[in-house]
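I have placed the structure first, in the form of structure tokens, so that the comments after it can refer back to it.
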Amino acid sequence: MRILLYNPDNGVTRNFMPHLWMFLLQSLTPPGHEVLLVDGNAQPMDEDGIARFVREQNIGLVGIGAMTRMVAKAYRMADAVRATGVPVVMGGPHVTEMADEALGRSGGPRHADAVALGEADETWPKIVEDAASGNLKDLYAPVDEFGKERKPTLKAYPTIPWHKIDLDQFNLVPKMAAPMLRRLGEGWGTFRIIPMESGRGCPYGCEFCTVTGFFGDSIRFRTNESVVNELLLLKARARSERGQIAVFFIDDNFAINIKRTKSLLRDIIAAGAQVHWVAQISANLLRDEELVDLIAASGGKWVFIGMESIDPANLASVNKGFNKPGEYAAVLERLAQRNVYAITSFIFGMDNDTPGVAERTLKEIHTWPPGLPIFGLLTPLPATPLYTRLLEAGRLTRPKHWEEFIPFEMAHTPLKMTIPEAHAEVKYGWANSYSAEAIAKAVDSLSHKPLGYRINIFIARMCFRGIYFPQMGPSAWLKLIFQNRRTIFNLVRDGFNIWRRQKGQDTPEGNLLQTAEQIQQPPV
Ligand code: B12
Ligand code: SF4
């Protein structure tokens, strides 16, 4: 049987990274079946397109995975596939919580023939066999022989054959520039960010988060060996195609067990498996100096920190009191001293937020080493404690907000400001962090750092800007480049000066290579 795994586009940004679930399920597919992958962010497709694809490619089963914000598109695509007579199985966090909705049991139309609840590592082979024999059931739950929920162990993690998977959809280097960049330093013909998990689960139970409910509060890890081998495979691939690879450790809290994280990082270093990587780690765990040393030594470049708010009352209200705003600055300094930077994520519209929250937050941010601040709105995702609390309090204004997804639009009334005020705060945060002036300021404040770091932060800021301000397509990028021309000019001038200084000191060939090495830092 030919199987299509499809991930809908998010409608906001292009895909900077593939979705792990597709590659994982592909690796877990029993032999005898062929799996094709389409990521809508990299290969845009509409309803007619997917129906045509399914017919032309003689597909016998379509698997669709989606987060809540993409589920409306996922349902439309599922409907188009089912209209061709091909069955659809859906999985992922949204349909796990809203299986009745996907199966048409809650009053609406049916979108899926089957729903895979929760983690599908162990149920996927069964789903494929049932579909192949025409016996697809409505629901597949990960349970043991006694019907009790069972979370898959990650000890026997499959080998994802990254060395031979077609990743053409996921090259961040523009096609036109690739031949030239392939010759630069160790090669920049390709640049890919690859998702990798080293463990699952987070016990913290923040009120707005689906992770503790979905993956459970028992944490499971892959073996160090399996993670190291995957890194080595990726490194070898990058070398063979004269390109670069960076890894996004998608664990919800990469250092949730500090002892184990340190042991993994030590093993990565010992095996020479370092690649540049980014991971999500909560601020409280970054108090540990040795951990931060190991992060830097093992290739860590960016750490995503869910700071959420600088107001302890807000943090307490969403069960995230373990975040201590008083220590944010020290944590970020500790990282910056090792040339590791932070993606700092904030949520506005929390219960104690009042107008002016964005300005107050930015004032704080400006006292920290420059990183990548991002701003969102408190969103009641289905089945989270937050959703239940707001529903019971009658505060949900769009209880089924996913039926018509609107980016950066609240679905409930905040307590101390209006919905339009909350929207204005988010806009203020983005506008004042990603204007050409703000980007120039951030880059200039790093003048004591190597050129590579400044280029790094510049490119990353340009890309992150697109999360809020749509900048798809060449003309939007040209406009952005024009707006940031002063910073670009300064970076090019500094690079040229470094090159000229070195040219005067050493042999021309060696220096060119050194300059290239100094410049090449991936934008993660
Ligand atoms: C990586 C990640 C991202 C990446 C996504 C890009 C990418 N290419 O991966 C980035 C950083 C961009 C991102 C952004 C956001 N994310 Co995110 N993200 C994650 C994260 C940390 C890991 C996802 C992952 O790969 N997990 C590992 C795989 C193996 O698990 P999985 O995807 O769930 O797949 C398993 C099962 O669900 C199932 N399955 C999944 N799909 C399918 C399909 C089929 C057919 C079947 C059978 C089974 C199946 O089988 C898999 C194996 O067991 C998750 C949290 C988490 N730990 O999962 C949050 C998570 C998915 N994100 C979430 C959210 C809310 C967001 C944002 C909306 C945050 C924001 N406010 O901006 C944005 C939206 C992005 C956008 N523009 O679309 C929520 C989604 C909740 C929900 N109900 O939708 C999660 C669960 C985190 C949370 N705090 O609750 N995210
Ligand atoms: S620490 Fe992060 S992953 Fe864990 S519950 Fe809180 S928001 Fe979710």
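Lettering and numbering for the structure tokens are positional, with chains as A, B, ... in the shown order, residues counted from 1 in each chain, and ligands counted from 1 in the shown order.
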
- [ ] Find the residues around Glu404 (chain A) up to 12 Å (only C-alpha atoms counted), leave out those fewer than 2 positions away in its own chain, and share them as a VMD selection string.
- [x] chain A and resid 68 to 73 75 to 76 398 to 402 406 to 407 409 411

Residue selection dump (N, CA and C atoms) as a CSV table (one decimal), in the first residue's frame:
```csv
chain,number,residue,atom,x,y,z
A,68,THR,N,-3.7,22.4,17.0
A,68,THR,CA,-5.0,23.0,17.0
A,68,THR,C,-5.1,24.1,16.0
A,69,ARG,N,-4.1,24.9,15.9
A,69,ARG,CA,-4.2,26.1,15.0
A,69,ARG,C,-4.3,25.7,13.5
A,70,MET,N,-3.8,24.5,13.1
A,70,MET,CA,-3.9,24.0,11.7
A,70,MET,C,-5.1,23.1,11.5
A,71,VAL,N,-5.9,22.8,12.5
A,71,VAL,CA,-6.8,21.7,12.4
A,71,VAL,C,-8.0,22.0,11.4
A,72,ALA,N,-8.4,23.2,11.2
A,72,ALA,CA,-9.4,23.6,10.3
A,72,ALA,C,-9.0,23.2,8.9
A,73,LYS,N,-7.7,23.6,8.6
A,73,LYS,CA,-7.2,23.2,7.2
A,73,LYS,C,-7.0,21.7,7.1
A,75,TYR,N,-8.9,19.4,8.5
A,75,TYR,CA,-10.2,18.8,8.3
A,75,TYR,C,-10.6,19.0,6.8
A,76,ARG,N,-10.3,20.2,6.3
A,76,ARG,CA,-10.7,20.4,4.9
A,76,ARG,C,-10.0,19.5,3.9
A,398,ARG,N,-14.7,32.7,22.1
A,398,ARG,CA,-14.7,31.9,20.9
A,398,ARG,C,-14.4,30.5,21.3
A,399,PRO,N,-15.3,29.8,21.9
A,399,PRO,CA,-15.0,28.5,22.5
A,399,PRO,C,-14.4,27.5,21.5
A,400,LYS,N,-14.8,27.6,20.3
A,400,LYS,CA,-14.2,26.7,19.3
A,400,LYS,C,-13.3,27.5,18.3
A,401,HIS,N,-12.4,28.2,18.9
A,401,HIS,CA,-11.5,29.2,18.1
A,401,HIS,C,-10.8,28.5,17.0
A,402,TRP,N,-10.6,27.2,17.0
A,402,TRP,CA,-9.9,26.5,16.0
A,402,TRP,C,-10.7,26.3,14.7
A,406,ILE,N,-7.5,32.5,13.6
A,406,ILE,CA,-7.0,33.8,13.3
A,406,ILE,C,-5.7,34.1,14.1
A,407,PRO,N,-4.6,34.3,13.4
A,407,PRO,CA,-3.4,34.5,14.2
A,407,PRO,C,-3.4,35.7,15.1
A,409,GLU,N,-5.1,36.4,17.8
A,409,GLU,CA,-6.5,36.9,18.1
A,409,GLU,C,-6.9,36.1,19.4
A,411,ALA,N,-9.2,34.4,22.4
A,411,ALA,CA,-10.4,33.7,22.3
A,411,ALA,C,-11.1,33.8,23.7
```

Counting only C-alpha atoms and all ligand atoms, give me one row per residue of chain A with an atom at most 6 Å from an atom of ligand 1, showing the shortest contact pair and its distance in Å to one decimal, sorted by chain then residue number, as CSV.
```
residue,atom,partner,partner_atom_place_in_ligand_line,distance
A:Asn10,CA,ligand 1,78 (O),4.4
A:Val12,CA,ligand 1,77 (N),6.0
A:Met17,CA,ligand 1,8 (N),4.4
A:Pro18,CA,ligand 1,8 (N),4.3
A:His19,CA,ligand 1,8 (N),3.9
A:Leu20,CA,ligand 1,25 (O),4.6
A:Trp21,CA,ligand 1,34 (O),4.5
A:Gly63,CA,ligand 1,45 (C),3.5
A:Ile64,CA,ligand 1,45 (C),4.3
A:Gly65,CA,ligand 1,43 (C),3.5
A:Met67,CA,ligand 1,84 (O),3.4
A:Thr68,CA,ligand 1,84 (O),3.6
A:Val89,CA,ligand 1,45 (C),5.3
A:Met90,CA,ligand 1,45 (C),4.4
A:Gly91,CA,ligand 1,42 (C),3.7
A:Gly92,CA,ligand 1,37 (O),3.4
A:Pro93,CA,ligand 1,83 (N),4.9
A:His94,CA,ligand 1,83 (N),4.6
A:Ala116,CA,ligand 1,47 (C),5.0
A:Gly118,CA,ligand 1,36 (C),5.4
A:Glu119,CA,ligand 1,53 (O),3.3
A:Ala120,CA,ligand 1,53 (O),4.0
A:Asp121,CA,ligand 1,53 (O),4.6
A:Trp124,CA,ligand 1,47 (C),5.8
A:Cys209,CA,ligand 1,90 (O),4.2
A:Thr210,CA,ligand 1,90 (O),3.8
A:Val211,CA,ligand 1,90 (O),5.0
A:Ile250,CA,ligand 1,21 (C),4.7
A:Asp251,CA,ligand 1,57 (N),5.7
A:Asp252,CA,ligand 1,57 (N),5.1
A:Gly376,CA,ligand 1,71 (N),5.6
A:Leu381,CA,ligand 1,83 (N),5.4
```

Task: All helix (DSSP H, G or I) residues (DSSP, backbone) inside region 257-304 of chain A, as a list of chain:residue names - done: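 The helix (DSSP H, G or I) residues within region 257-304 of chain A come out as A:Ile258, A:Lys259, A:Arg260, A:Thr261, A:Lys262, A:Ser263, A:Leu264, A:Leu265, A:Arg266, A:Asp267, A:Ile268, A:Ile269, A:Ala270, A:Ala283, A:Asn284, A:Leu285, A:Leu286, A:Arg287, A:Glu289, A:Glu290, A:Leu291, A:Val292, A:Asp293, A:Leu294, A:Ile295, A:Ala296, A:Ala297.
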
Produce a table with one row for each residue of region 233-314 of chain A that has an atom at most 12 Å from any atom of region 146-163 of chain A, each row naming the nearest atom pair and its distance in Å at one decimal; use only C-alpha atoms; arrange rows by chain and rising residue number; format as CSV.
```
residue,atom,partner,partner_atom,distance
A:Leu233,CA,A:His163,CA,6.2
A:Leu234,CA,A:Trp162,CA,6.4
A:Lys235,CA,A:His163,CA,9.1
A:Ala236,CA,A:His163,CA,7.6
A:Arg237,CA,A:His163,CA,5.4
A:Ala238,CA,A:His163,CA,8.8
A:Arg239,CA,A:His163,CA,10.7
A:Ser240,CA,A:His163,CA,9.4
A:Glu241,CA,A:His163,CA,10.3
A:Ile245,CA,A:Trp162,CA,11.3
```

Export of prior selection with N, CA and C atoms as a compact mmCIF listing (two decimals), in the first residue's frame:
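Once everything was written out, this is part_30.txt:
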```
# COMPACT_ATOMS: atom_id res chain seq x y z
N LEU A 233 24.97 10.61 12.22
CA LEU A 233 24.38 10.36 10.90
C LEU A 233 24.11 11.69 10.18
N LEU A 234 23.58 12.63 10.94
CA LEU A 234 23.26 13.94 10.36
C LEU A 234 24.53 14.69 9.96
N LYS A 235 25.54 14.59 10.82
CA LYS A 235 26.81 15.26 10.51
C LYS A 235 27.40 14.71 9.22
N ALA A 236 27.34 13.37 9.10
CA ALA A 236 27.91 12.73 7.92
C ALA A 236 27.16 13.19 6.68
N ARG A 237 25.84 13.31 6.80
CA ARG A 237 25.06 13.75 5.65
C ARG A 237 25.47 15.17 5.24
N ALA A 238 25.59 16.05 6.23
CA ALA A 238 25.95 17.43 5.93
C ALA A 238 27.29 17.48 5.22
N ARG A 239 28.24 16.69 5.75
CA ARG A 239 29.58 16.68 5.14
C ARG A 239 29.51 16.21 3.70
N SER A 240 28.73 15.13 3.48
CA SER A 240 28.71 14.54 2.14
C SER A 240 28.05 15.46 1.12
N GLU A 241 27.16 16.34 1.56
CA GLU A 241 26.54 17.24 0.58
C GLU A 241 27.12 18.65 0.66
N ILE A 245 24.20 21.38 9.04
CA ILE A 245 22.99 20.88 9.70
C ILE A 245 22.95 21.43 11.11
```

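Once only C-alpha atoms and all ligand atoms are used for the distance check, the residues close to ligand 2 at 8 Å turn out to be Gly201, Cys202, Pro203, Tyr204, Gly205, Cys206, Glu207, Phe208, Cys209, Thr210, Val211, Thr212, Asp252, Asn253, Ser282, Gly306 and Lys320 of chain A.
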